[in-house]
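A.B. asks: Sharing structure-v4.tsv below, TSV, C-alpha atoms:
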chain	number	residue	atom	x	y	z
A	34	MET	CA	0.00	0.00	0.00
A	35	GLU	CA	1.11	3.55	-0.65
A	36	ARG	CA	-0.15	6.93	0.51
A	37	LYS	CA	-1.74	9.47	-1.77
A	38	ALA	CA	-3.26	12.91	-1.14
A	39	TYR	CA	-6.39	14.47	-2.62
A	40	GLN	CA	-7.23	18.15	-2.23
A	41	PHE	CA	-10.65	19.66	-2.96
A	42	ARG	CA	-11.92	23.22	-2.67
A	43	LEU	CA	-14.79	23.74	-0.22
A	44	ALA	CA	-17.70	26.14	-0.68
A	45	PRO	CA	-19.00	26.71	2.87
A	46	THR	CA	-21.98	28.93	3.61
A	47	LYS	CA	-21.51	32.09	5.63
A	48	GLY	CA	-22.63	30.27	8.80
A	49	GLN	CA	-20.35	27.30	8.11
A	50	ARG	CA	-17.44	29.64	7.46
A	51	ARG	CA	-18.04	31.21	10.87
A	52	LEU	CA	-18.03	27.76	12.52
A	53	LEU	CA	-14.83	26.81	10.70
A	54	GLU	CA	-13.15	30.02	11.91
A	55	GLN	CA	-14.33	29.31	15.47
A	56	THR	CA	-12.93	25.79	15.25
A	57	LEU	CA	-9.52	27.13	14.24
A	58	GLU	CA	-9.54	29.61	17.13
A	59	ILE	CA	-10.45	26.90	19.65
A	60	CYS	CA	-7.71	24.66	18.23
A	61	ARG	CA	-5.26	27.55	18.50
A	62	TRP	CA	-6.17	28.01	22.16
A	63	VAL	CA	-5.65	24.29	22.86
A	64	TYR	CA	-2.30	24.38	21.03
A	65	ASN	CA	-1.04	27.38	23.01
A	66	GLU	CA	-2.37	26.05	26.33
A	67	THR	CA	-0.75	22.63	25.73
A	68	LEU	CA	2.56	24.28	24.80
A	69	ALA	CA	2.39	26.52	27.89
A	70	TYR	CA	1.66	23.54	30.16
A	71	ARG	CA	4.63	21.53	28.86
A	72	LYS	CA	6.91	24.57	28.99
A	73	GLN	CA	5.89	25.39	32.58
A	74	ALA	CA	6.25	21.76	33.71
A	75	TRP	CA	9.85	21.71	32.52
A	76	GLU	CA	10.85	25.17	33.77
A	77	GLU	CA	9.35	24.72	37.24
A	78	ARG	CA	9.81	20.98	37.91
A	79	GLN	CA	12.10	19.70	35.11
A	80	GLU	CA	9.23	17.35	34.31
A	81	HIS	CA	8.81	15.85	30.86
A	82	VAL	CA	5.13	15.82	29.86
A	83	GLY	CA	4.07	13.30	27.21
A	84	LEU	CA	1.15	13.15	24.81
A	85	TYR	CA	-0.92	10.89	27.09
A	86	ASP	CA	-0.55	13.40	29.96
A	87	THR	CA	-1.76	16.33	27.85
A	88	ASN	CA	-4.69	14.31	26.44
A	89	ALA	CA	-5.86	13.81	30.03
A	90	LEU	CA	-6.14	17.61	30.40
A	91	LEU	CA	-8.85	17.93	27.74
A	92	PRO	CA	-11.80	16.79	29.94
A	93	VAL	CA	-10.70	19.28	32.61
A	94	TRP	CA	-10.42	22.13	30.12
A	95	LYS	CA	-13.85	21.30	28.68
A	96	LYS	CA	-15.40	21.82	32.12
A	97	GLN	CA	-13.63	25.16	32.46
A	98	ARG	CA	-14.30	26.28	28.86
A	99	PRO	CA	-17.58	24.79	27.50
A	100	GLU	CA	-16.82	26.16	23.99
A	101	LEU	CA	-14.28	23.33	23.60
A	102	LYS	CA	-17.24	20.95	23.30
A	103	GLN	CA	-18.06	22.63	19.97
A	104	VAL	CA	-15.07	20.85	18.40
A	105	TYR	CA	-14.91	17.10	17.74
A	106	SER	CA	-12.79	15.41	20.46
A	107	GLN	CA	-10.30	13.71	18.10
A	108	VAL	CA	-9.59	17.06	16.42
A	109	LEU	CA	-8.48	18.47	19.80
A	110	GLN	CA	-6.37	15.37	20.44
A	111	ASP	CA	-4.64	15.91	17.09
A	112	VAL	CA	-3.86	19.51	18.09
A	113	GLN	CA	-2.00	18.20	21.14
A	114	ASN	CA	-0.25	15.65	18.95
A	115	ARG	CA	1.06	18.54	16.84
A	116	VAL	CA	2.61	20.06	19.96
A	117	HIS	CA	4.12	16.66	20.79
A	118	LEU	CA	5.63	16.36	17.30
A	119	ALA	CA	6.99	19.93	17.50
A	120	PHE	CA	8.86	19.03	20.72
A	121	ASP	CA	10.11	15.76	19.21
A	122	ALA	CA	11.51	17.66	16.23
A	123	PHE	CA	13.09	20.27	18.54
A	124	PHE	CA	14.88	17.68	20.70
A	125	ARG	CA	15.96	15.72	17.62
A	126	ARG	CA	17.66	18.80	16.17
A	127	VAL	CA	19.28	19.60	19.52
A	128	LYS	CA	20.77	16.09	19.73
A	129	ARG	CA	22.19	16.48	16.23
A	130	GLY	CA	23.88	19.71	17.28
A	131	GLU	CA	21.79	21.77	14.88
A	132	LYS	CA	20.42	25.23	15.54
A	133	ALA	CA	16.92	24.43	16.84
A	134	GLY	CA	14.06	26.85	17.39
A	135	TYR	CA	11.91	26.19	20.47
A	136	PRO	CA	8.22	25.48	19.63
A	137	ARG	CA	6.39	28.80	19.34
A	138	PHE	CA	2.96	29.99	20.42
A	139	LYS	CA	0.46	30.63	17.62
A	140	GLY	CA	-0.81	34.21	17.25
A	141	ARG	CA	-4.27	35.10	15.99
A	142	GLY	CA	-4.61	34.07	12.36
A	143	TRP	CA	-1.53	31.83	12.46
A	144	TYR	CA	-3.34	28.54	13.07
A	145	ASP	CA	-4.83	27.50	9.74
A	146	SER	CA	-5.79	23.80	9.78
A	147	PHE	CA	-7.36	21.03	11.84
A	148	THR	CA	-7.42	17.28	11.31
A	149	PHE	CA	-9.90	14.45	11.71
A	150	LYS	CA	-7.43	11.65	12.36
A	151	GLN	CA	-9.69	8.61	11.85
A	152	ALA	CA	-11.88	7.93	8.82
A	153	GLY	CA	-15.54	7.40	9.63
A	154	PHE	CA	-15.28	9.32	12.91
A	155	GLY	CA	-16.13	12.99	12.68
A	156	PHE	CA	-16.54	13.19	8.91
A	157	LYS	CA	-18.21	11.42	5.99
A	158	VAL	CA	-17.88	11.90	2.23
A	159	ASP	CA	-21.09	11.82	0.21
A	160	GLY	CA	-20.35	12.69	-3.42
A	161	GLN	CA	-20.15	16.48	-3.66
A	162	TRP	CA	-20.84	16.88	0.04
A	163	LEU	CA	-18.67	16.57	3.12
A	164	ASP	CA	-20.37	15.96	6.48
A	165	LEU	CA	-18.24	17.45	9.29
A	166	SER	CA	-19.05	16.86	12.94
A	167	LYS	CA	-20.09	20.06	14.79
A	168	ILE	CA	-20.01	22.02	11.50
A	169	GLY	CA	-22.52	20.45	9.13
A	170	ARG	CA	-22.88	19.41	5.50
A	171	VAL	CA	-20.35	21.42	3.47
A	172	GLN	CA	-20.33	21.53	-0.32
A	173	MET	CA	-17.13	20.16	-1.85
A	174	ILE	CA	-15.94	20.74	-5.42
A	175	ALA	CA	-14.96	17.11	-6.08
A	176	HIS	CA	-13.30	17.41	-9.51
A	177	ARG	CA	-12.15	13.76	-9.50
A	178	PRO	CA	-13.12	10.56	-7.64
A	179	ILE	CA	-11.22	9.51	-4.53
A	180	GLU	CA	-9.56	6.15	-5.12
A	181	GLY	CA	-8.45	4.01	-2.20
A	182	THR	CA	-9.16	4.03	1.53
A	183	ILE	CA	-9.40	7.40	3.27
A	184	THR	CA	-7.35	7.51	6.48
A	185	THR	CA	-7.36	11.16	7.61
A	186	LEU	CA	-8.93	14.49	6.63
A	187	THR	CA	-7.39	17.92	7.14
A	188	ILE	CA	-9.44	21.09	6.70
A	189	ARG	CA	-7.15	23.97	5.70
A	190	ARG	CA	-7.64	27.71	5.31
A	191	THR	CA	-5.33	29.56	2.92
A	192	SER	CA	-3.97	33.07	3.49
A	193	THR	CA	-6.57	34.37	1.02
A	194	GLY	CA	-9.47	32.87	2.99
A	195	LYS	CA	-10.14	29.84	0.79
A	196	TRP	CA	-11.03	26.51	2.41
A	197	PHE	CA	-9.77	23.11	1.26
A	198	ALA	CA	-10.36	19.49	2.27
A	199	CYS	CA	-7.15	17.43	2.12
A	200	PHE	CA	-7.63	13.65	2.24
A	201	SER	CA	-4.84	11.20	3.00
A	202	VAL	CA	-5.59	7.93	1.21
A	203	GLU	CA	-4.06	4.45	1.11
A	204	VAL	CA	-4.07	2.95	-2.40
A	205	GLU	CA	-2.68	-0.10	-4.12
A	206	PRO	CA	0.32	0.63	-6.38
A	207	ASN	CA	-0.64	1.07	-10.02
A	208	PRO	CA	2.54	0.71	-12.10
A	209	LEU	CA	2.70	1.96	-15.67
A	210	PRO	CA	3.67	-0.31	-18.60
A	211	GLU	CA	7.42	-0.94	-18.63
A	212	THR	CA	9.72	1.06	-20.88
A	213	GLN	CA	13.50	0.90	-21.30
A	214	ARG	CA	13.82	4.61	-22.05
A	215	ALA	CA	16.10	6.52	-19.65
A	216	VAL	CA	16.70	10.25	-19.32
A	217	GLY	CA	19.18	12.49	-17.54
A	218	ILE	CA	17.94	15.95	-16.54
A	219	ASP	CA	20.09	19.03	-15.97
A	220	VAL	CA	18.17	21.85	-14.28
A	221	GLY	CA	19.25	25.44	-14.73
A	222	LEU	CA	18.23	29.07	-14.95
A	223	THR	CA	18.65	29.79	-18.67
A	224	HIS	CA	16.39	26.80	-19.31
A	225	PHE	CA	14.43	25.20	-16.50
A	226	ALA	CA	15.61	21.75	-17.63
A	227	THR	CA	17.66	20.21	-20.41
A	228	LEU	CA	17.03	16.52	-21.14
A	229	SER	CA	19.65	14.10	-22.38
A	230	THR	CA	17.37	13.59	-25.40
A	231	GLY	CA	18.24	17.15	-26.48
A	232	GLU	CA	14.91	18.70	-25.47
A	233	GLN	CA	15.10	22.00	-23.60
A	234	ILE	CA	12.25	23.15	-21.35
A	235	ALA	CA	11.84	26.90	-20.97
A	236	ASN	CA	12.11	28.50	-17.54
A	237	PRO	CA	8.64	30.00	-16.82
A	238	ARG	CA	9.97	32.46	-14.18
A	239	PHE	CA	6.62	32.80	-12.41
A	240	PHE	CA	7.88	35.12	-9.66
A	241	ARG	CA	9.67	37.39	-12.11
A	242	THR	CA	6.46	37.69	-14.14
A	243	ASP	CA	4.46	38.97	-11.16
A	244	GLU	CA	7.31	40.77	-9.38
A	245	LYS	CA	6.19	44.30	-10.35
A	246	ALA	CA	2.57	43.65	-9.38
A	247	LEU	CA	3.73	42.22	-6.05
A	248	ALA	CA	6.02	45.18	-5.32
A	249	LYS	CA	3.18	47.60	-6.07
A	250	ALA	CA	0.78	45.73	-3.77
A	251	GLN	CA	3.39	45.60	-0.99
A	252	ARG	CA	4.00	49.36	-1.23
A	253	LYS	CA	0.27	50.00	-0.84
A	254	LEU	CA	0.16	47.60	2.12
A	255	SER	CA	3.03	49.38	3.88
A	256	LYS	CA	1.14	52.70	3.67
A	257	ALA	CA	-2.05	51.34	5.25
A	258	GLU	CA	-2.49	51.61	9.01
A	259	LYS	CA	-2.36	48.29	10.83
A	260	GLY	CA	-5.63	47.05	12.30
A	261	THR	CA	-7.78	48.84	9.74
A	262	SER	CA	-10.02	47.24	7.11
A	263	GLU	CA	-7.86	48.88	4.43
A	264	HIS	CA	-4.78	47.08	5.79
A	265	ARG	CA	-6.62	43.75	5.85
A	266	ASN	CA	-7.82	44.17	2.27
A	267	ARG	CA	-4.39	45.15	0.98
A	268	ARG	CA	-2.77	42.27	2.85
A	269	LYS	CA	-5.19	39.91	1.12
A	270	VAL	CA	-4.15	41.34	-2.28
A	271	VAL	CA	-0.49	40.58	-1.48
A	272	ALA	CA	-1.41	37.09	-0.31
A	273	HIS	CA	-3.44	36.51	-3.50
A	274	ILE	CA	-0.43	37.36	-5.71
A	275	HIS	CA	1.81	35.01	-3.69
A	276	GLU	CA	-0.84	32.29	-3.95
A	277	ARG	CA	-1.15	32.79	-7.71
A	278	ILE	CA	2.63	32.45	-8.16
A	279	ALA	CA	2.72	29.31	-6.01
A	280	ASN	CA	-0.23	27.73	-7.84
A	281	ARG	CA	1.31	28.34	-11.27
A	282	ARG	CA	4.66	26.95	-10.14
A	283	LYS	CA	2.99	23.89	-8.64
A	284	ASP	CA	0.90	23.28	-11.78
A	285	PHE	CA	4.01	23.50	-13.98
A	286	ALA	CA	5.97	21.06	-11.78
A	287	HIS	CA	3.08	18.58	-11.63
A	288	LYS	CA	2.52	18.55	-15.40
A	289	LEU	CA	6.22	18.27	-16.29
A	290	SER	CA	6.93	15.53	-13.74
A	291	ARG	CA	3.87	13.57	-14.90
A	292	ARG	CA	4.98	13.76	-18.55
A	293	LEU	CA	8.50	12.57	-17.72
A	294	VAL	CA	7.25	9.67	-15.59
A	295	ASN	CA	4.87	8.60	-18.35
A	296	GLU	CA	7.60	8.68	-21.02
A	297	PHE	CA	10.68	7.28	-19.27
A	298	GLY	CA	11.38	4.15	-17.25
A	299	MET	CA	14.41	5.67	-15.55
A	300	ILE	CA	14.83	9.32	-14.54
A	301	VAL	CA	18.13	10.73	-13.26
A	302	LEU	CA	18.50	14.15	-11.59
A	303	GLU	CA	21.24	15.90	-9.66
A	304	ASP	CA	21.06	15.94	-5.86
A	305	LEU	CA	21.53	19.69	-5.53
A	306	ASN	CA	22.25	21.51	-2.26
A	307	ILE	CA	19.72	24.29	-2.77
A	308	ALA	CA	20.33	25.82	0.68
A	309	ARG	CA	24.01	26.38	-0.18
A	310	MET	CA	23.30	27.59	-3.71
A	311	ILE	CA	20.78	30.16	-2.50
A	312	LYS	CA	23.53	31.89	-0.49
A	313	ASN	CA	24.69	33.31	-3.81
A	314	HIS	CA	22.76	36.58	-3.46
A	315	GLY	CA	23.09	37.37	-7.15
A	316	LEU	CA	21.16	34.22	-8.11
A	317	ALA	CA	19.13	33.51	-4.95
A	318	LYS	CA	15.86	34.97	-6.24
A	319	SER	CA	16.09	33.13	-9.57
A	320	ILE	CA	17.01	29.83	-7.88
A	321	ALA	CA	14.08	30.13	-5.46
A	322	ASP	CA	11.76	31.00	-8.35
A	323	ALA	CA	12.81	27.90	-10.30
A	324	ALA	CA	11.84	25.62	-7.36
A	325	TRP	CA	13.98	22.67	-8.47
A	326	SER	CA	13.38	20.82	-5.19
A	327	GLN	CA	9.62	20.91	-5.71
A	328	PHE	CA	10.01	19.50	-9.22
A	329	ALA	CA	12.38	16.76	-7.94
A	330	ASN	CA	10.00	15.79	-5.13
A	331	TYR	CA	7.00	15.56	-7.47
A	332	THR	CA	9.01	13.49	-9.94
A	333	ARG	CA	10.27	11.14	-7.21
A	334	TYR	CA	6.90	10.25	-5.71
A	335	LYS	CA	5.22	9.92	-9.11
A	336	ALA	CA	8.04	7.64	-10.27
A	337	GLU	CA	7.75	5.46	-7.16
A	338	SER	CA	3.98	5.19	-7.61
A	339	ALA	CA	4.33	4.26	-11.29
A	340	GLY	CA	7.07	1.67	-10.72
A	341	ARG	CA	9.71	3.81	-12.44
A	342	THR	CA	13.37	4.08	-11.39
A	343	TYR	CA	14.27	7.46	-9.89
A	344	VAL	CA	17.94	8.24	-9.20
A	345	GLN	CA	19.65	11.31	-7.74
A	346	ILE	CA	23.39	11.61	-8.30
A	347	ASP	CA	26.24	13.77	-7.00
A	348	PRO	CA	26.34	16.86	-9.27
A	349	ARG	CA	30.10	17.41	-8.98
A	350	GLY	CA	31.85	17.38	-12.33
A	351	THR	CA	28.77	16.87	-14.51
A	352	SER	CA	29.27	20.25	-16.20
A	353	GLN	CA	33.06	20.04	-16.54
A	354	ARG	CA	33.42	16.52	-17.96
A	355	CYS	CA	33.10	15.68	-21.65
A	356	SER	CA	30.18	13.34	-22.24
A	357	ARG	CA	31.98	11.61	-25.13
A	358	CYS	CA	35.60	11.06	-24.04
A	359	ARG	CA	35.17	11.71	-20.26
A	360	ALA	CA	38.00	14.27	-20.24
A	361	VAL	CA	37.73	17.21	-17.83
A	362	VAL	CA	37.17	20.51	-19.67
A	363	LYS	CA	37.14	23.42	-17.21
A	364	LYS	CA	34.77	26.29	-18.02
A	365	ASP	CA	33.09	29.18	-16.23
A	366	LEU	CA	29.35	29.44	-15.76
A	367	SER	CA	29.22	32.11	-18.46
A	368	VAL	CA	30.49	29.63	-21.09
A	369	ARG	CA	27.32	28.10	-22.56
A	370	VAL	CA	28.91	25.78	-25.15
A	371	HIS	CA	30.98	22.70	-24.35
A	372	GLN	CA	34.00	22.45	-26.67
A	373	CYS	CA	36.25	19.47	-26.00
A	374	PRO	CA	39.88	19.99	-27.18
A	375	TYR	CA	40.52	16.22	-26.97
A	376	CYS	CA	37.73	14.61	-29.01
A	377	GLY	CA	36.33	17.70	-30.77
A	378	LEU	CA	32.80	17.40	-29.33
A	379	GLU	CA	30.93	20.72	-29.48
A	380	ILE	CA	27.45	20.79	-27.95
A	381	ASP	CA	25.32	22.90	-25.61
A	382	ARG	CA	26.78	22.98	-22.10
A	383	ASP	CA	23.51	21.88	-20.44
A	384	LEU	CA	23.00	19.01	-22.89
A	385	ASN	CA	26.53	17.79	-22.16
A	386	ALA	CA	25.72	17.91	-18.42
A	387	ALA	CA	22.44	16.02	-18.96
A	388	LEU	CA	24.29	13.25	-20.83
A	389	ASN	CA	26.81	13.01	-17.99
A	390	ILE	CA	24.00	12.87	-15.42
A	391	LEU	CA	22.40	9.98	-17.29
A	392	ALA	CA	25.73	8.14	-17.56
A	393	VAL	CA	26.46	8.50	-13.84
A	394	GLY	CA	22.93	7.36	-12.97
A	395	LEU	CA	23.23	4.26	-15.15
A	396	HIS	CA	26.67	3.51	-13.73
A	397	SER	CA	25.32	3.77	-10.15
A	398	LEU	CA	22.87	0.98	-11.02
A	399	GLY	CA	25.57	-1.15	-12.61
A	400	GLU	CA	24.35	-0.53	-16.14
A	401	SER	CA	26.41	0.57	-19.14
A	402	PRO	CA	25.67	4.06	-20.55
Go through the file and emit its structure as structure tokens.
C.D. replies:
Amino acid sequence: MERKAYQFRLAPTKGQRRLLEQTLEICRWVYNETLAYRKQAWEERQEHVGLYDTNALLPVWKKQRPELKQVYSQVLQDVQNRVHLAFDAFFRRVKRGEKAGYPRFKGRGWYDSFTFKQAGFGFKVDGQWLDLSKIGRVQMIAHRPIEGTITTLTIRRTSTGKWFACFSVEVEPNPLPETQRAVGIDVGLTHFATLSTGEQIANPRFFRTDEKALAKAQRKLSKAEKGTSEHRNRRKVVAHIHERIANRRKDFAHKLSRRLVNEFGMIVLEDLNIARMIKNHGLAKSIADAAWSQFANYTRYKAESAGRTYVQIDPRGTSQRCSRCRAVVKKDLSVRVHQCPYCGLEIDRDLNAALNILAVGLHSLGESP
């Protein structure tokens, strides 16, 4: 079995929207109160409080604050589980010697989702409708059928005020027909990707396209007084532009990764250290806009689901080595054509790198390029 996610837009009524907002606020209170309890227990008594201990607090809190009864009990338990996972991640990073940020309290508007953690309890799917405990029958824009067994449901609010239902589903693997075609992919900024087949995929530059509109909206936002309706409206405009950029980038990565997985039985990419590359301030914005990691992640999980071979290789030397004779030909980033003085090969620099990436990927699997 493998996990798959489905996301559908919700169309709640005005009353349902109010109940959803109230649910988020109650969950935020439980999150902050649970975090405060664990923090106080450690600071005052050096006592480690576990998930079971915090779950036992819920009945007490419900007596003190009756509004907690307006939220399904397992949703509140999941909120406390989020606090537990935040502490686990914090201690894990501390043990590794990494710089770890202590779990933070959630301010108003900063808690944007809640989860029904068990299918059949608290929610039910009925075609275009979603029955939510304590909230009601909410219309759902189900643009495709849900295949598999639903395990959990997360209701999420975006920064622009849209509501989504996100289902986690267990499905049987559905491999695609086998193919012996293999491809190496070199990602870049001049072109988003160059395939070892010779195909070059243009860089859409979604952020650059909307950069002026975003800057204009941010200038207007900075002039509005905080706490006013004008500030809220202008903040929503900025959030809408960011959301539009993210949606376009996600759509592009999904469509390209799906096409590659459908066409090739083996896909090889570089294992790039994006965090280090982004420290180059001259290219940081363009690298972030390209979102290579997002594309690689989408390609990886689609390949695994389809029974394809996905390989990531060390990128060192892929641009400097000749793909024909394997000689090292040093060149700066500004040199866009690979010219080998040993074998006479003259091809596009990115295509040469893509051929090397494919060769290294095949070699890592014990196959001959």
A.B. asks: Would you pick out the contacts of Ala215 of chain A at 12 Å or less, using all atoms listed in the file, so that residues sharing its chain but fewer than 2 positions from it are not included, and give the list as a ChimeraX atom specification?
C.D. replies: /A:211-213,217-218,228-230,293-302,341-344,387-388,390-392,394-395,400-402
A.B. asks: For each of A:Arg115, A:Lys150, A:His273, A:Lys335, take the minimum atom-to-atom distance to His287 of chain A, counting all atoms listed in the file, then give the residue where this is smallest.
C.D. replies: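 So, comparing all the options, the nearest one is A:Lys335.
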A.B. asks: Within 8 Å of segment 246-258 of chain A, counting all atoms listed in the file, which residues show up once you throw out same-chain ones fewer than 6 positions away? Write them as a ChimeraX atom specification, please.
C.D. replies: /A:264,267-268,270-271,274-275
A.B. asks: May I have the residues from that selection written out with C-alpha atoms, as an mmCIF file, in the frame of the given file?
C.D. replies:
data_model
loop_
_atom_site.group_PDB
_atom_site.id
_atom_site.type_symbol
_atom_site.label_atom_id
_atom_site.label_comp_id
_atom_site.auth_asym_id
_atom_site.auth_seq_id
_atom_site.Cartn_x
_atom_site.Cartn_y
_atom_site.Cartn_z
ATOM 1 C CA HIS A 264 -4.780 47.080 5.790
ATOM 2 C CA ARG A 267 -4.390 45.150 0.980
ATOM 3 C CA ARG A 268 -2.770 42.270 2.850
ATOM 4 C CA VAL A 270 -4.150 41.340 -2.280
ATOM 5 C CA VAL A 271 -0.490 40.580 -1.480
ATOM 6 C CA ILE A 274 -0.430 37.360 -5.710
ATOM 7 C CA HIS A 275 1.810 35.010 -3.690
#
A.B. asks: Which residues are near Leu384 of chain A? Cut-off 12 Å, only C-alpha atoms, ignore same chain within fewer than 2 positions. Put them as a PyMOL selection string.
C.D. replies: chain A and resi 216-221+224+226-234+351-357+369-371+378-382+386-391
A.B. asks: Which of these residues is nearest to Glu100 of chain A, using all atoms listed in the file: A:Arg36, A:Arg292, A:Arg309, A:Lys167?
C.D. replies: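 Looking at the shortest contact to Glu100 of chain A, the residue is A:Lys167.
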A.B. asks: So, with only C-alpha atoms as the atoms that count, which of A:Leu109, A:Val362, A:Leu57, A:Ala339 lies closest to Trp196 of chain A?
C.D. replies: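 Of A:Leu109, A:Val362, A:Leu57, A:Ala339, the one nearest Trp196 of chain A is A:Leu57, counting only C-alpha atoms.
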A.B. asks: Can you list, as a ChimeraX atom specification, every protein, DNA or RNA residue that comes within 9 Å of segment 151-156 of chain A when you count only C-alpha atoms, leaving out same-chain residues fewer than 5 positions away?
C.D. replies: /A:105-108,163-167,182-186
A.B. asks: Of the candidates A:Lys195, A:His81, A:Ala89, A:Lys312, which one gets nearest to Phe124 of chain A if we count only C-alpha atoms?
C.D. replies: A:His81
A.B. asks: Between atom CA of Asp145 of chain A and atom CA of Arg189 of chain A, what distance in Å does the model show, to one decimal?
C.D. replies: 5.8 Å
A.B. asks: Near Pro206 of chain A, within 10 Å and counting all atoms listed in the file, which residues show up once chain neighbours fewer than 6 positions away are dropped, as a list in words?
C.D. replies: Met34, Glu35, Arg36, Glu337, Ser338, Ala339 and Gly340 of chain A
A.B. asks: Between atom CA of Gln113 of chain A and atom CA of Phe197 of chain A, measure the distance and give it in Å to one decimal.
C.D. replies: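 So the two atoms, atom CA of Gln113 of chain A and atom CA of Phe197 of chain A, lie 21.9 Å apart.
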A.B. asks: Suppose you want the space between atom CA of Ser192 of chain A and atom CA of Ala272 of chain A; what is it in Å?
C.D. replies: 6.1 Å
A.B. asks: Could you list as number ranges by chain every residue that has an atom within 8 Å of (6.5, 28.4, -14.1), using the file's coordinates and counting only C-alpha atoms?
C.D. replies: A: 236-239, 281-286, 323
A.B. asks: Store the residues picked out above, limited to C-alpha atoms, as an mmCIF file, in the frame of the given file.
C.D. replies:
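And here is the file that came out, result-v6.cif:
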data_model
loop_
_atom_site.group_PDB
_atom_site.id
_atom_site.type_symbol
_atom_site.label_atom_id
_atom_site.label_comp_id
_atom_site.auth_asym_id
_atom_site.auth_seq_id
_atom_site.Cartn_x
_atom_site.Cartn_y
_atom_site.Cartn_z
ATOM 1 C CA ASN A 236 12.110 28.500 -17.540
ATOM 2 C CA PRO A 237 8.640 30.000 -16.820
ATOM 3 C CA ARG A 238 9.970 32.460 -14.180
ATOM 4 C CA PHE A 239 6.620 32.800 -12.410
ATOM 5 C CA ARG A 281 1.310 28.340 -11.270
ATOM 6 C CA ARG A 282 4.660 26.950 -10.140
ATOM 7 C CA LYS A 283 2.990 23.890 -8.640
ATOM 8 C CA ASP A 284 0.900 23.280 -11.780
ATOM 9 C CA PHE A 285 4.010 23.500 -13.980
ATOM 10 C CA ALA A 286 5.970 21.060 -11.780
ATOM 11 C CA ALA A 323 12.810 27.900 -10.300
#
A.B. asks: Have a look at A:Gly169, A:Gly140, A:Gly83, A:Pro178 and name the one nearest to Gln49 of chain A; count only C-alpha atoms.
C.D. replies: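 Checking each candidate against Gln49 of chain A, we get A:Gly169 as the closest.
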A.B. asks: Have a look at A:Ala133, A:Val171, A:Ile278, A:Leu222 and name the one nearest to Leu43 of chain A; count all atoms listed in the file.
C.D. replies: A:Val171
